[in-house]
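Peer 1: Okay, so here is target_12.cif, and as you'll see once you scroll down, it has mmCIF, C-alpha atoms and all ligand atoms.
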```
data_query
loop_
_atom_site.label_atom_id
_atom_site.label_comp_id
_atom_site.auth_asym_id
_atom_site.auth_seq_id
_atom_site.Cartn_x
_atom_site.Cartn_y
_atom_site.Cartn_z
CA MET A 1 115.05 97.30 121.07
CA GLN A 2 117.44 100.27 121.27
CA ASP A 3 118.18 102.06 117.99
CA ASP A 4 115.46 100.13 116.21
CA ALA A 5 113.64 103.21 114.95
CA TYR A 6 114.86 106.06 112.76
CA LEU A 7 113.60 108.63 110.27
CA LYS A 8 114.13 108.12 106.57
CA CYS A 9 113.37 110.28 103.55
CA ILE A 10 110.71 108.65 101.35
CA ASN A 11 112.48 109.54 98.10
CA PRO A 12 114.44 106.41 97.14
CA LYS A 13 117.04 108.42 95.25
CA CYS A 14 117.70 110.57 98.34
CA GLY A 15 116.96 108.31 101.31
CA LEU A 16 118.59 110.52 103.95
CA GLU A 17 118.28 109.17 107.48
CA TYR A 18 117.94 110.96 110.81
CA PRO A 19 117.77 109.89 114.43
CA ILE A 20 114.34 109.62 115.99
CA LEU A 21 114.90 112.58 118.33
CA ASN A 22 114.63 115.10 115.53
CA THR A 23 111.86 117.61 114.89
CA ARG A 24 112.28 118.04 111.14
CA VAL A 25 109.31 117.05 108.97
CA GLN A 26 111.41 117.06 105.78
CA CYS A 27 114.92 115.97 104.82
CA GLU A 28 117.34 118.73 103.87
CA ASN A 29 116.34 118.26 100.23
CA GLY A 30 112.72 119.01 101.07
CA HIS A 31 111.27 115.47 100.92
CA VAL A 32 108.91 114.13 103.56
CA LEU A 33 110.03 111.52 106.07
CA ASP A 34 108.92 108.11 107.30
CA VAL A 35 109.42 106.51 110.67
CA LYS A 36 111.19 103.22 109.96
CA TYR A 37 111.88 100.16 112.11
CA LYS A 38 114.75 97.74 111.70
CA ASN A 39 113.23 94.80 113.53
CA LYS A 40 110.35 92.65 112.37
CA PRO A 41 107.68 92.27 115.06
CA SER A 42 106.61 88.72 115.89
CA GLU A 43 103.22 87.65 114.60
CA LYS A 44 102.54 86.28 118.10
CA LEU A 45 101.69 89.87 118.98
CA LYS A 46 98.30 89.31 117.34
CA ASP A 47 97.35 87.24 120.41
CA ILE A 48 98.79 89.80 122.79
CA PHE A 49 96.80 92.62 121.15
CA TYR A 50 93.67 90.53 121.47
CA GLU A 51 94.36 89.76 125.13
CA ARG A 52 94.91 93.44 125.84
CA ARG A 53 91.29 94.12 124.94
CA ASN A 54 90.83 93.06 128.53
CA SER A 55 92.90 95.96 129.76
CA LYS A 56 93.29 94.77 133.35
CA GLY A 57 93.57 98.38 134.47
CA SER A 58 96.35 99.42 132.08
CA ILE A 59 95.45 102.56 130.14
CA PHE A 60 98.02 101.54 127.51
CA ASN A 61 96.08 98.34 126.86
CA GLU A 62 92.79 100.21 126.96
CA SER A 63 93.99 102.75 124.37
CA GLY A 64 93.13 101.74 120.81
CA VAL A 65 96.44 103.31 119.78
CA TRP A 66 98.88 102.02 122.40
CA ARG A 67 97.32 98.55 122.46
CA PHE A 68 99.38 98.11 119.25
CA ARG A 69 102.46 99.84 120.72
CA GLU A 70 104.96 97.25 119.45
CA LEU A 71 104.03 98.22 115.87
CA LEU A 72 104.77 101.90 116.46
CA ASN A 73 107.51 101.73 119.03
CA PHE A 74 109.45 104.76 117.86
CA CYS A 75 110.04 105.55 121.55
CA GLN A 76 112.06 102.33 121.73
CA ILE A 77 110.82 101.45 125.18
CA ASP A 78 110.16 98.13 126.85
CA THR A 79 106.50 97.94 125.85
CA GLU A 80 105.63 95.48 128.62
CA SER A 81 106.90 97.81 131.34
CA VAL A 82 104.02 99.90 132.70
CA ASP A 83 106.59 102.17 134.25
CA GLU A 84 108.30 102.96 130.94
CA CYS A 85 104.98 103.33 129.14
CA SER A 86 103.78 105.78 131.80
CA LYS A 87 106.94 107.84 131.54
CA VAL A 88 106.89 108.17 127.75
CA LEU A 89 103.57 107.43 126.06
CA VAL A 90 101.00 110.24 125.94
CA SER A 91 97.44 109.07 126.44
CA LEU A 92 94.08 110.49 127.46
CA ASP A 93 93.70 107.79 130.08
CA GLY A 94 93.44 105.19 127.34
CA ALA A 95 90.55 106.94 125.60
CA GLU A 96 92.12 107.47 122.14
CA GLY A 97 90.91 104.79 119.75
CA ARG A 98 89.21 102.91 122.58
CA GLN A 99 85.74 102.99 121.04
CA SER A 100 86.80 102.58 117.44
CA LYS A 101 86.10 99.36 115.58
CA PRO A 102 84.20 98.35 112.43
CA TYR A 103 80.43 97.91 112.68
CA GLN A 104 77.85 96.43 110.34
CA MET A 105 75.16 98.98 109.53
CA SER A 106 72.16 97.42 107.87
CA LYS A 107 70.52 100.62 106.61
CA ALA A 108 73.74 101.75 104.98
CA ALA A 109 74.13 98.29 103.40
CA GLU A 110 70.57 98.50 102.10
CA PHE A 111 71.24 101.96 100.62
CA LEU A 112 74.37 100.57 98.93
CA GLU A 113 72.53 97.41 97.82
CA MET A 114 75.21 95.31 99.48
CA ASP A 115 75.01 92.26 101.70
CA LYS A 116 75.06 93.40 105.30
CA GLU A 117 77.93 91.00 105.99
CA GLY A 118 80.15 92.61 103.37
CA LEU A 119 79.98 96.19 104.59
CA TRP A 120 81.84 97.46 107.64
CA LEU A 121 81.87 101.08 108.72
CA GLN A 122 84.34 102.21 111.33
CA PRO A 123 83.38 105.39 113.21
CA GLU A 124 86.41 107.33 114.38
CA GLY A 125 84.15 110.13 115.63
CA TYR A 126 83.82 108.51 119.04
CA ASN A 127 87.35 109.46 119.88
CA PRO A 128 87.53 111.93 122.80
CA SER A 129 87.85 115.05 120.64
CA GLY A 130 85.36 113.70 118.10
CA SER A 131 87.54 112.63 115.19
CA PHE A 132 90.23 110.24 113.95
CA LYS A 133 92.85 112.87 114.71
CA ASP A 134 93.27 111.62 118.27
CA ASN A 135 94.94 108.46 116.93
CA GLY A 136 97.82 110.38 115.43
CA MET A 137 97.86 113.16 118.01
CA ALA A 138 98.62 110.66 120.80
CA THR A 139 101.79 109.63 118.96
CA ALA A 140 102.77 113.11 117.71
CA VAL A 141 102.45 114.62 121.18
CA THR A 142 104.40 111.67 122.60
CA HIS A 143 107.22 112.57 120.23
CA ALA A 144 106.82 116.28 121.02
CA LYS A 145 107.41 115.48 124.68
CA MET A 146 110.36 113.20 123.85
CA VAL A 147 112.09 116.16 122.19
CA GLY A 148 111.12 118.54 124.99
CA ALA A 149 108.71 120.72 122.97
CA LYS A 150 106.91 123.40 124.98
CA LYS A 151 104.43 124.32 122.29
CA ILE A 152 102.62 122.38 119.58
CA VAL A 153 101.47 124.13 116.42
CA CYS A 154 98.92 123.19 113.76
CA ALA A 155 96.81 124.53 110.92
CA SER A 156 93.27 123.31 111.09
CA THR A 157 89.83 123.28 109.55
CA GLY A 158 88.45 122.18 112.94
CA ASN A 159 89.20 118.60 113.89
CA THR A 160 92.98 118.91 114.20
CA SER A 161 92.67 121.97 116.45
CA ALA A 162 90.26 120.15 118.76
CA SER A 163 92.57 117.17 119.08
CA ALA A 164 95.77 119.19 119.41
CA GLY A 165 94.16 121.54 121.95
CA MET A 166 92.90 118.65 124.01
CA PHE A 167 96.21 116.80 124.17
CA ALA A 168 98.10 120.05 124.86
CA ALA A 169 95.78 120.90 127.73
CA ASN A 170 96.16 117.42 129.15
CA GLU A 171 99.96 117.58 128.97
CA GLY A 172 100.28 121.18 130.15
CA ILE A 173 101.92 122.49 127.00
CA ASP A 174 100.90 125.42 124.77
CA CYS A 175 99.05 125.05 121.49
CA ASP A 176 98.81 127.51 118.57
CA VAL A 177 96.11 126.91 115.94
CA TYR A 178 96.33 128.59 112.52
CA ILE A 179 93.05 129.00 110.69
CA PRO A 180 91.97 130.64 107.44
CA ALA A 181 90.27 133.89 108.53
CA GLY A 182 86.51 133.86 108.12
CA GLN A 183 86.37 130.38 106.58
CA ILE A 184 85.79 128.18 109.58
CA ALA A 185 82.41 127.88 111.26
CA PRO A 186 82.89 129.22 114.81
CA GLY A 187 81.35 126.02 116.16
CA LYS A 188 84.23 124.00 114.75
CA LEU A 189 86.68 126.03 116.80
CA SER A 190 84.77 125.95 120.04
CA GLN A 191 86.72 122.95 121.30
CA ALA A 192 90.09 124.58 120.61
CA TYR A 193 88.99 127.70 122.54
CA GLN A 194 87.65 125.54 125.32
CA PHE A 195 90.95 123.67 125.65
CA GLY A 196 92.87 126.94 125.89
CA ALA A 197 94.53 126.95 122.47
CA GLN A 198 95.64 130.25 120.91
CA ILE A 199 93.83 130.83 117.61
CA ILE A 200 95.80 132.68 114.91
CA GLN A 201 93.85 133.89 111.87
CA VAL A 202 95.57 133.83 108.49
CA GLU A 203 94.32 135.62 105.37
CA GLY A 204 93.74 132.96 102.71
CA ASN A 205 92.61 129.34 102.74
CA PHE A 206 93.67 126.23 104.65
CA ASP A 207 96.71 125.74 102.45
CA ASP A 208 97.90 129.28 103.32
CA ALA A 209 97.28 128.67 107.03
CA LEU A 210 99.33 125.46 106.90
CA LYS A 211 102.20 127.23 105.18
CA GLN A 212 102.31 129.97 107.81
CA SER A 213 102.05 127.50 110.68
CA LEU A 214 105.00 125.51 109.31
CA ASP A 215 107.07 128.69 108.92
CA ASP A 216 106.21 129.89 112.41
CA ALA A 217 106.93 126.49 113.94
CA LYS A 218 110.34 126.48 112.31
CA ASN A 219 111.22 130.05 113.30
CA HIS A 220 109.70 130.16 116.79
CA ASN A 221 110.46 126.78 118.24
CA GLY A 222 107.04 125.22 117.79
CA TYR A 223 106.39 121.53 117.19
CA THR A 224 104.19 120.86 114.14
CA VAL A 225 101.42 118.33 114.68
CA ASN A 226 99.81 118.40 111.23
CA SER A 227 99.96 115.15 109.30
CA VAL A 228 103.20 116.18 107.54
CA ASN A 229 104.63 115.11 110.89
CA PRO A 230 105.65 111.45 110.38
CA PHE A 231 104.73 110.57 113.98
CA ARG A 232 101.09 111.52 113.30
CA ILE A 233 101.10 108.88 110.57
CA GLU A 234 102.33 106.24 113.05
CA GLY A 235 99.31 106.67 115.33
CA GLN A 236 96.89 106.70 112.43
CA LYS A 237 98.16 103.26 111.38
CA THR A 238 96.08 101.91 114.26
CA ILE A 239 92.86 102.72 112.34
CA PRO A 240 93.51 99.89 109.85
CA PHE A 241 95.10 97.78 112.61
CA ARG A 242 91.83 97.85 114.55
CA ALA A 243 89.77 97.19 111.43
CA LEU A 244 91.91 94.17 110.53
CA GLU A 245 92.02 92.87 114.07
CA TYR A 246 88.24 92.95 114.41
CA LEU A 247 88.02 91.08 111.09
CA ASN A 248 90.38 88.46 112.58
CA TRP A 249 93.13 89.71 110.26
CA GLU A 250 91.09 88.52 107.30
CA VAL A 251 91.90 91.21 104.82
CA PRO A 252 88.92 93.02 103.23
CA ASP A 253 88.86 93.77 99.50
CA TRP A 254 88.63 97.51 100.05
CA ILE A 255 89.39 100.19 102.64
CA VAL A 256 87.66 103.46 101.80
CA TYR A 257 88.62 106.89 103.14
CA PRO A 258 87.50 110.47 102.52
CA GLY A 259 90.45 112.32 100.95
CA GLY A 260 91.65 115.65 102.39
CA ALA A 261 95.30 116.18 103.35
CA LEU A 262 95.82 112.43 102.65
CA GLY A 263 97.31 111.62 106.07
CA ASN A 264 94.91 108.69 106.40
CA THR A 265 95.67 107.38 102.93
CA SER A 266 99.36 107.63 103.78
CA SER A 267 99.07 105.92 107.14
CA CYS A 268 96.81 103.14 105.89
CA GLY A 269 99.22 102.41 103.05
CA LYS A 270 102.21 102.43 105.41
CA ALA A 271 100.42 100.09 107.82
CA LEU A 272 99.60 97.68 104.99
CA MET A 273 103.13 97.83 103.55
CA GLU A 274 104.58 96.96 106.94
CA LEU A 275 102.10 94.16 107.69
CA TYR A 276 102.70 92.66 104.26
CA GLU A 277 106.46 92.89 104.59
CA TRP A 278 106.30 91.21 108.00
CA GLY A 279 104.10 88.46 106.58
CA TRP A 280 101.18 89.34 108.86
CA ILE A 281 98.83 89.67 105.88
CA LYS A 282 99.04 87.71 102.63
CA LYS A 283 96.68 89.85 100.59
CA ILE A 284 96.67 93.60 100.07
CA PRO A 285 93.33 95.40 100.27
CA ARG A 286 92.73 98.16 97.73
CA ILE A 287 92.45 101.69 99.07
CA ALA A 288 89.76 103.94 97.63
CA VAL A 289 90.11 107.68 98.27
CA ILE A 290 87.01 109.81 97.94
CA ASN A 291 87.51 113.49 97.20
CA SER A 292 84.80 116.11 97.25
CA GLU A 293 83.99 117.36 93.75
CA GLY A 294 84.84 120.85 95.01
CA ALA A 295 88.30 119.85 96.31
CA SER A 296 89.46 117.20 93.86
CA THR A 297 93.21 117.69 93.51
CA LEU A 298 94.12 114.03 93.96
CA SER A 299 91.29 112.77 91.76
CA ASP A 300 92.16 115.22 88.98
CA LEU A 301 95.83 114.31 88.99
CA TYR A 302 95.46 110.57 89.60
CA ASN A 303 92.81 110.15 86.93
CA GLY A 304 94.63 112.15 84.28
CA LYS A 305 92.16 115.03 84.20
CA PHE A 306 95.01 117.56 84.13
CA GLU A 307 97.32 117.59 81.09
CA ASP A 308 96.12 114.05 80.25
CA GLU A 309 98.77 112.52 82.49
CA LYS A 310 97.90 110.06 85.26
CA LEU A 311 100.02 111.02 88.25
CA ARG A 312 101.62 107.99 89.91
CA TRP A 313 104.16 107.30 92.64
CA ASN A 314 106.07 105.58 89.88
CA LYS A 315 108.30 103.58 92.25
CA GLY A 316 109.42 106.74 94.01
CA ASN A 317 109.79 108.88 90.94
CA PRO A 318 106.50 110.81 90.74
CA ASN A 319 106.13 113.71 88.34
CA THR A 320 106.24 116.47 90.96
CA GLU A 321 106.43 119.07 88.18
CA LEU A 322 102.94 118.03 87.16
CA ILE A 323 101.74 118.70 90.73
CA SER A 324 103.40 122.14 90.71
CA ARG A 325 101.82 123.00 87.37
CA TYR A 326 98.42 121.89 88.69
CA TYR A 327 98.80 124.19 91.73
CA ASP A 328 99.86 127.06 89.46
CA HIS A 329 96.80 126.39 87.37
CA LEU A 330 94.58 126.58 90.48
CA ASP A 331 96.17 129.90 91.45
CA LYS A 332 96.00 131.37 87.96
CA GLU A 333 92.36 130.44 87.49
CA GLY A 334 91.48 131.53 91.03
CA ILE A 335 90.16 128.05 91.82
CA ARG A 336 89.68 127.60 95.58
CA PRO A 337 88.67 124.35 97.23
CA ASN A 338 84.93 124.60 97.73
CA THR A 339 82.74 122.14 99.62
CA ARG A 340 80.55 122.32 102.69
CA ALA A 341 82.50 119.30 103.98
CA THR A 342 85.19 121.56 105.45
CA ALA A 343 87.22 118.64 106.83
CA ILE A 344 88.25 117.74 103.27
CA GLN A 345 88.18 121.24 101.77
CA ILE A 346 91.86 121.09 100.90
CA GLY A 347 93.42 122.02 97.56
CA ARG A 348 97.04 121.13 98.29
CA PRO A 349 97.11 117.82 100.12
CA ALA A 350 100.25 117.91 102.27
CA ASN A 351 100.69 114.14 102.05
CA ILE A 352 100.10 113.76 98.33
CA LEU A 353 103.36 111.86 97.73
CA LYS A 354 102.87 109.37 100.55
CA GLY A 355 99.27 109.08 99.40
CA LEU A 356 100.41 108.17 95.89
CA ARG A 357 102.79 105.61 97.33
CA SER A 358 99.87 104.01 99.21
CA LEU A 359 97.73 103.97 96.11
CA GLU A 360 100.47 102.32 94.08
CA PHE A 361 101.09 99.66 96.73
CA THR A 362 97.39 98.85 97.04
CA ASN A 363 96.35 99.28 93.41
CA GLY A 364 94.09 102.01 94.72
CA VAL A 365 91.44 104.15 93.10
CA VAL A 366 90.39 107.77 93.54
CA THR A 367 87.03 109.30 92.76
CA THR A 368 84.86 112.28 93.66
CA VAL A 369 81.40 112.73 95.11
CA THR A 370 79.12 115.76 95.31
CA ASP A 371 78.11 117.57 98.48
CA SER A 372 74.61 116.21 98.08
CA GLU A 373 75.90 112.61 97.83
CA MET A 374 78.03 113.11 100.95
CA LEU A 375 75.01 114.42 102.85
CA ASP A 376 73.03 111.31 101.90
CA GLY A 377 75.94 109.14 103.06
CA MET A 378 76.13 111.02 106.35
CA SER A 379 72.38 110.75 106.83
CA VAL A 380 72.10 107.02 106.22
CA VAL A 381 74.86 106.41 108.77
CA GLY A 382 72.74 108.40 111.20
CA LEU A 383 69.76 106.11 110.59
CA ASN A 384 71.85 103.24 111.98
CA GLY A 385 72.30 105.16 115.23
CA PHE A 386 75.80 106.39 114.46
CA ASP A 387 76.71 110.05 114.24
CA CYS A 388 79.20 111.25 111.62
CA GLU A 389 80.16 114.48 109.91
CA MET A 390 79.56 115.35 106.28
CA ALA A 391 83.10 114.50 105.13
CA SER A 392 82.65 110.99 106.53
CA GLY A 393 79.61 110.64 104.28
CA ALA A 394 82.12 110.64 101.42
CA SER A 395 83.11 107.07 102.35
CA VAL A 396 79.54 105.82 101.97
CA ALA A 397 78.86 107.92 98.87
CA GLY A 398 82.15 106.80 97.33
CA ILE A 399 81.37 103.12 97.88
CA LYS A 400 78.03 103.70 96.15
CA LYS A 401 79.64 105.40 93.20
CA LEU A 402 82.37 102.77 92.81
CA MET A 403 79.74 100.01 92.98
CA ASN A 404 77.71 101.71 90.27
CA GLU A 405 80.85 101.77 88.15
CA ASN A 406 81.37 98.07 88.93
CA ILE A 407 84.78 98.80 90.43
CA ILE A 408 83.67 97.62 93.87
CA LYS A 409 81.81 94.35 93.28
CA LYS A 410 78.61 93.40 95.03
CA ASP A 411 80.19 90.56 97.01
CA ASP A 412 83.37 92.42 97.97
CA THR A 413 84.16 93.03 101.62
CA VAL A 414 84.47 96.75 102.21
CA VAL A 415 85.61 98.75 105.24
CA GLY A 416 84.62 102.42 105.10
CA ILE A 417 86.21 104.81 107.58
CA LEU A 418 83.93 107.45 109.13
CA THR A 419 86.46 110.05 110.13
CA GLY A 420 84.60 112.30 112.53
CA ARG A 421 81.49 113.17 114.47
CA GLN A 422 79.09 115.92 113.48
CA LYS A 423 80.35 119.29 114.74
CA ASP A 424 78.31 121.60 112.51
CA ALA A 425 74.81 121.33 113.93
CA MET A 426 73.21 123.20 111.03
CA ILE A 427 74.21 120.63 108.40
CA PRO A 428 71.72 117.92 109.46
CA VAL A 429 69.10 120.56 110.34
CA ASP A 430 69.30 122.03 106.84
CA TYR A 431 69.36 118.58 105.25
CA HIS A 432 66.24 117.38 107.02
CA SER A 433 64.37 120.63 106.46
CA ASN A 434 64.43 120.08 102.70
CA SER A 435 61.97 117.31 101.83
CA GLU A 436 63.67 116.78 98.46
CA ASN A 437 66.66 115.13 100.14
CA THR A 438 66.72 111.32 100.01
CA PHE A 439 66.56 110.68 103.76
CA ALA A 440 64.93 113.96 104.79
CA ASN A 441 62.54 113.85 107.71
CA PRO A 442 61.21 117.42 107.81
CA PRO A 443 59.56 118.75 110.97
CA LYS A 444 55.76 118.66 111.22
CA ASN A 445 53.51 121.42 112.49
ZN ZN B 1 115.24 113.39 100.79
#
```
Reformat the file's structure so that it appears as structure tokens.

Peer 2:
Amino acid sequence: MQDDAYLKCINPKCGLEYPILNTRVQCENGHVLDVKYKNKPSEKLKDIFYERRNSKGSIFNESGVWRFRELLNFCQIDTESVDECSKVLVSLDGAEGRQSKPYQMSKAAEFLEMDKEGLWLQPEGYNPSGSFKDNGMATAVTHAKMVGAKKIVCASTGNTSASAGMFAANEGIDCDVYIPAGQIAPGKLSQAYQFGAQIIQVEGNFDDALKQSLDDAKNHNGYTVNSVNPFRIEGQKTIPFRALEYLNWEVPDWIVYPGGALGNTSSCGKALMELYEWGWIKKIPRIAVINSEGASTLSDLYNGKFEDEKLRWNKGNPNTELISRYYDHLDKEGIRPNTRATAIQIGRPANILKGLRSLEFTNGVVTTVTDSEMLDGMSVVGLNGFDCEMASGASVAGIKKLMNENIIKKDDTVVGILTGRQKDAMIPVDYHSNSENTFANPPKN
């Protein structure tokens, strides 16, 4: 097991490698990195993962992340040794990912005019800090501790800060959170304050906050836990692992995600690439990424809406100049990402290249939905007794749009990821106060 894992630049023409105990998020040529494994895990692990659902008192079996620890064993420990797990793996007493699995939601299926059996929605909002971020934070903070970091650093629109703050508090390390000044609803930061994180306000938008947090981490010995960190991506692979496991490893036709920084798109694609390479799955599901209309960088570039060129991974040779020109165009025109779904209000997706790689591998599609469509998606999930935030409504709204365009077929099996729980109380209140909204249930006098 020793020396199985290493870091490798994703650019095939560069391909620089680094040992696992390294805090860089890019190679020296400025390309992002993957965690790679030399050994192929045995497919017999499928039975072991299933058996671990009966945790028998082990928090590492109870955890929806560490239950799959052999598939993300960058720590290179003996995964059966409780002692080694306890020394190395960071966990919130097994709570991360514990409650996450796909559910059938009949009212959402009815809204989408799909068979109930074909639609699965997987709420990640029941993670301890209320979003999917806890999956990747468990692994990133594990790596932070492996390298002896005393402080973790992130830029956040809300969910990342809650998760980072919570893990930092639990591990007794410091946490700095960079936010765009005046752009984040105070309620979305309440968890970070509560967990003792230091909030740092940056003039500008999320993309500016991320840039400053990366600079400060580099210059002041902080450990970055945004999804540019390859160890975040490792933990987020367990979202599709759980979906597939609960479907008895019968691969769905589609996995649908809201698109923000594209960490989820990246991690889902990496998980599928690995499973396919290991022979664990024979078919590759297609990934659909749903941008907000007001923050549609990926959709614009992928669908050729900028300079008439469809941006592709192109076997590791993407047209990065096109991306740069698109960002220049945003700056020049003063176009700022603009949606009430703040979790995906991102103009410069940090993981765009890994996201493109995932889309190429899965023959993926990208589309946009409006704020109003996301709110309907969020609301119909609520009518099934599940709580999700507005950005998660993009998964439901996106499935609807792609079905209307006959891209997703009526009898396809679809897994939609609901990325987080509602943290902005006024969004549903406003929605239901306006009787014009599809699912509105206004108050009576
Ligand atoms: Zn490189």

Peer 1: Can you tell me which residues come within 7 Å of ligand ZN 1 (chain B) when counting only C-alpha atoms and all ligand atoms, ideally as a list in words?

Peer 2: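 Protein and nucleic-acid residues within 7 Å of ligand ZN 1 (chain B): Cys9, Ile10, Asn11, Cys14, Gly15, Leu16, Cys27, Glu28, Asn29, Gly30, His31 and Val32 of chain A.
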
Peer 1: Return the single residue from A:Tyr326, A:Tyr126, A:Phe439, A:Trp313 that is closest to Gln422 (chain A), with distances computed using all atoms listed in the file.

Peer 2: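 Of A:Tyr326, A:Tyr126, A:Phe439, A:Trp313, the one nearest Gln422 (chain A) is A:Tyr126, counting all atoms listed in the file.
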
Peer 1: Can you write out as JSON lines which residues of region 59-80 of chain A fall within 10 Å of region 235-239 of chain A, alongside each residue's closest atom pair and its distance in Å to one decimal, counting only C-alpha atoms and ordering rows by chain and ascending residue number?

Peer 2:
```
{"residue": "A:Gly64", "atom": "CA", "partner": "A:Thr238", "partner_atom": "CA", "distance": 7.2}
{"residue": "A:Val65", "atom": "CA", "partner": "A:Thr238", "partner_atom": "CA", "distance": 5.7}
{"residue": "A:Trp66", "atom": "CA", "partner": "A:Gly235", "partner_atom": "CA", "distance": 8.5}
{"residue": "A:Arg67", "atom": "CA", "partner": "A:Thr238", "partner_atom": "CA", "distance": 8.9}
{"residue": "A:Phe68", "atom": "CA", "partner": "A:Thr238", "partner_atom": "CA", "distance": 7.1}
{"residue": "A:Arg69", "atom": "CA", "partner": "A:Gly235", "partner_atom": "CA", "distance": 9.3}
{"residue": "A:Leu71", "atom": "CA", "partner": "A:Thr238", "partner_atom": "CA", "distance": 8.9}
{"residue": "A:Leu72", "atom": "CA", "partner": "A:Gly235", "partner_atom": "CA", "distance": 7.3}
```

Peer 1: Neighbours of Gln345 (chain A) within 7 Å (all atoms listed in the file; same-chain residues fewer than 4 positions away dropped), as an mmCIF file with C-alpha atoms, in the coordinates of the input?

Peer 2:
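Saved to out05.cif:
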```
data_model
loop_
_atom_site.group_PDB
_atom_site.id
_atom_site.type_symbol
_atom_site.label_atom_id
_atom_site.label_comp_id
_atom_site.auth_asym_id
_atom_site.auth_seq_id
_atom_site.Cartn_x
_atom_site.Cartn_y
_atom_site.Cartn_z
ATOM 1 C CA GLY A 260 91.650 115.650 102.390
ATOM 2 C CA ALA A 295 88.300 119.850 96.310
ATOM 3 C CA PRO A 337 88.670 124.350 97.230
ATOM 4 C CA ASN A 338 84.930 124.600 97.730
ATOM 5 C CA THR A 339 82.740 122.140 99.620
ATOM 6 C CA ALA A 341 82.500 119.300 103.980
#
```

Peer 1: For Ser190 (chain A), please output as a CSV table (one decimal) with C-alpha atoms, keeping the file's coordinate frame all residues within 12 Å (counting all atoms listed in the file; exclusion window: fewer than 6 positions along the same chain).

Peer 2:
```csv
chain,number,residue,atom,x,y,z
A,129,SER,CA,87.8,115.0,120.6
A,157,THR,CA,89.8,123.3,109.6
A,158,GLY,CA,88.4,122.2,112.9
A,159,ASN,CA,89.2,118.6,113.9
A,161,SER,CA,92.7,122.0,116.4
A,162,ALA,CA,90.3,120.2,118.8
A,163,SER,CA,92.6,117.2,119.1
A,165,GLY,CA,94.2,121.5,122.0
A,166,MET,CA,92.9,118.6,124.0
A,184,ILE,CA,85.8,128.2,109.6
A,196,GLY,CA,92.9,126.9,125.9
A,197,ALA,CA,94.5,127.0,122.5
A,198,GLN,CA,95.6,130.2,120.9
A,199,ILE,CA,93.8,130.8,117.6
A,423,LYS,CA,80.4,119.3,114.7
A,424,ASP,CA,78.3,121.6,112.5
```

Peer 1: Would you please work out which residue, of A:Leu383, A:Ala169, A:Leu121, A:Ala217, is nearest to Ile255 (chain A) when using only C-alpha atoms?

Peer 2: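 Nearest candidate to Ile255 (chain A) out of A:Leu383, A:Ala169, A:Leu121, A:Ala217: A:Leu121.
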
Peer 1: Counting only C-alpha atoms, figure out which residue out of A:Lys218, A:Arg98, A:His432, A:Lys409 gets nearest to Phe60 (chain A).

Peer 2: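 Ranking A:Lys218, A:Arg98, A:His432, A:Lys409 by distance to Phe60 (chain A), first place goes to A:Arg98.
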
Peer 1: I need every residue sitting at most 10 Å from the point (98.0, 124.9, 101.4) (coordinates as in the file, all atoms listed in the file considered), written as a PyMOL selection string.

Peer 2: chain A and resi 155+204-212+261+327+346-350

Peer 1: Only C-alpha atoms, please: the residues just picked out, written as a PDB file, in the coordinates of the input.

Peer 2:
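Result saved to out.pdb:
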```
ATOM      1  CA  ALA A 155      96.810 124.530 110.920  1.00  0.00           C
ATOM      2  CA  GLY A 204      93.740 132.960 102.710  1.00  0.00           C
ATOM      3  CA  ASN A 205      92.610 129.340 102.740  1.00  0.00           C
ATOM      4  CA  PHE A 206      93.670 126.230 104.650  1.00  0.00           C
ATOM      5  CA  ASP A 207      96.710 125.740 102.450  1.00  0.00           C
ATOM      6  CA  ASP A 208      97.900 129.280 103.320  1.00  0.00           C
ATOM      7  CA  ALA A 209      97.280 128.670 107.030  1.00  0.00           C
ATOM      8  CA  LEU A 210      99.330 125.460 106.900  1.00  0.00           C
ATOM      9  CA  LYS A 211     102.200 127.230 105.180  1.00  0.00           C
ATOM     10  CA  GLN A 212     102.310 129.970 107.810  1.00  0.00           C
ATOM     11  CA  ALA A 261      95.300 116.180 103.350  1.00  0.00           C
ATOM     12  CA  TYR A 327      98.800 124.190  91.730  1.00  0.00           C
ATOM     13  CA  ILE A 346      91.860 121.090 100.900  1.00  0.00           C
ATOM     14  CA  GLY A 347      93.420 122.020  97.560  1.00  0.00           C
ATOM     15  CA  ARG A 348      97.040 121.130  98.290  1.00  0.00           C
ATOM     16  CA  PRO A 349      97.110 117.820 100.120  1.00  0.00           C
ATOM     17  CA  ALA A 350     100.250 117.910 102.270  1.00  0.00           C
TER      18      ALA A 350
END
```

Peer 1: Which is closest to Val202 (chain A) among A:Leu247, A:Met378, A:Ala181, A:Leu275, if we use only C-alpha atoms?

Peer 2: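 Result for the nearest residue to Val202 (chain A): A:Ala181.
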
Peer 1: With distances taken over all atoms listed in the file, which residue among A:Lys305, A:Thr265, A:Ala288, A:Ala144 lies nearest Gly222 (chain A)?

Peer 2: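 Closest residue, counting all atoms listed in the file: A:Ala144.
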
Peer 1: Around the point (96.7, 88.5, 102.8) (coordinates from the file), which residues reach within 12 Å if we count only C-alpha atoms? Answer as a VMD selection string.

Peer 2: chain A and resid 244 248 to 253 272 to 273 275 to 286 362

Peer 1: Pick out the residues sitting within 8 Å of Thr368 (chain A), and hand them over as an MDAnalysis selection string; count all atoms listed in the file, and ignore anything fewer than 3 positions along from it in its own chain.

Peer 2: chainID A and resid 290:293 296 299 398

Peer 1: Create the file for the chosen residues now, containing C-alpha atoms and written as a compact mmCIF listing (two decimals), in the frame of the given file.

Peer 2:
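Dumped everything to selection_10.txt:
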```
# COMPACT_ATOMS: atom_id res chain seq x y z
CA ILE A 290 87.01 109.81 97.94
CA ASN A 291 87.51 113.49 97.20
CA SER A 292 84.80 116.11 97.25
CA GLU A 293 83.99 117.36 93.75
CA SER A 296 89.46 117.20 93.86
CA SER A 299 91.29 112.77 91.76
CA GLY A 398 82.15 106.80 97.33
```
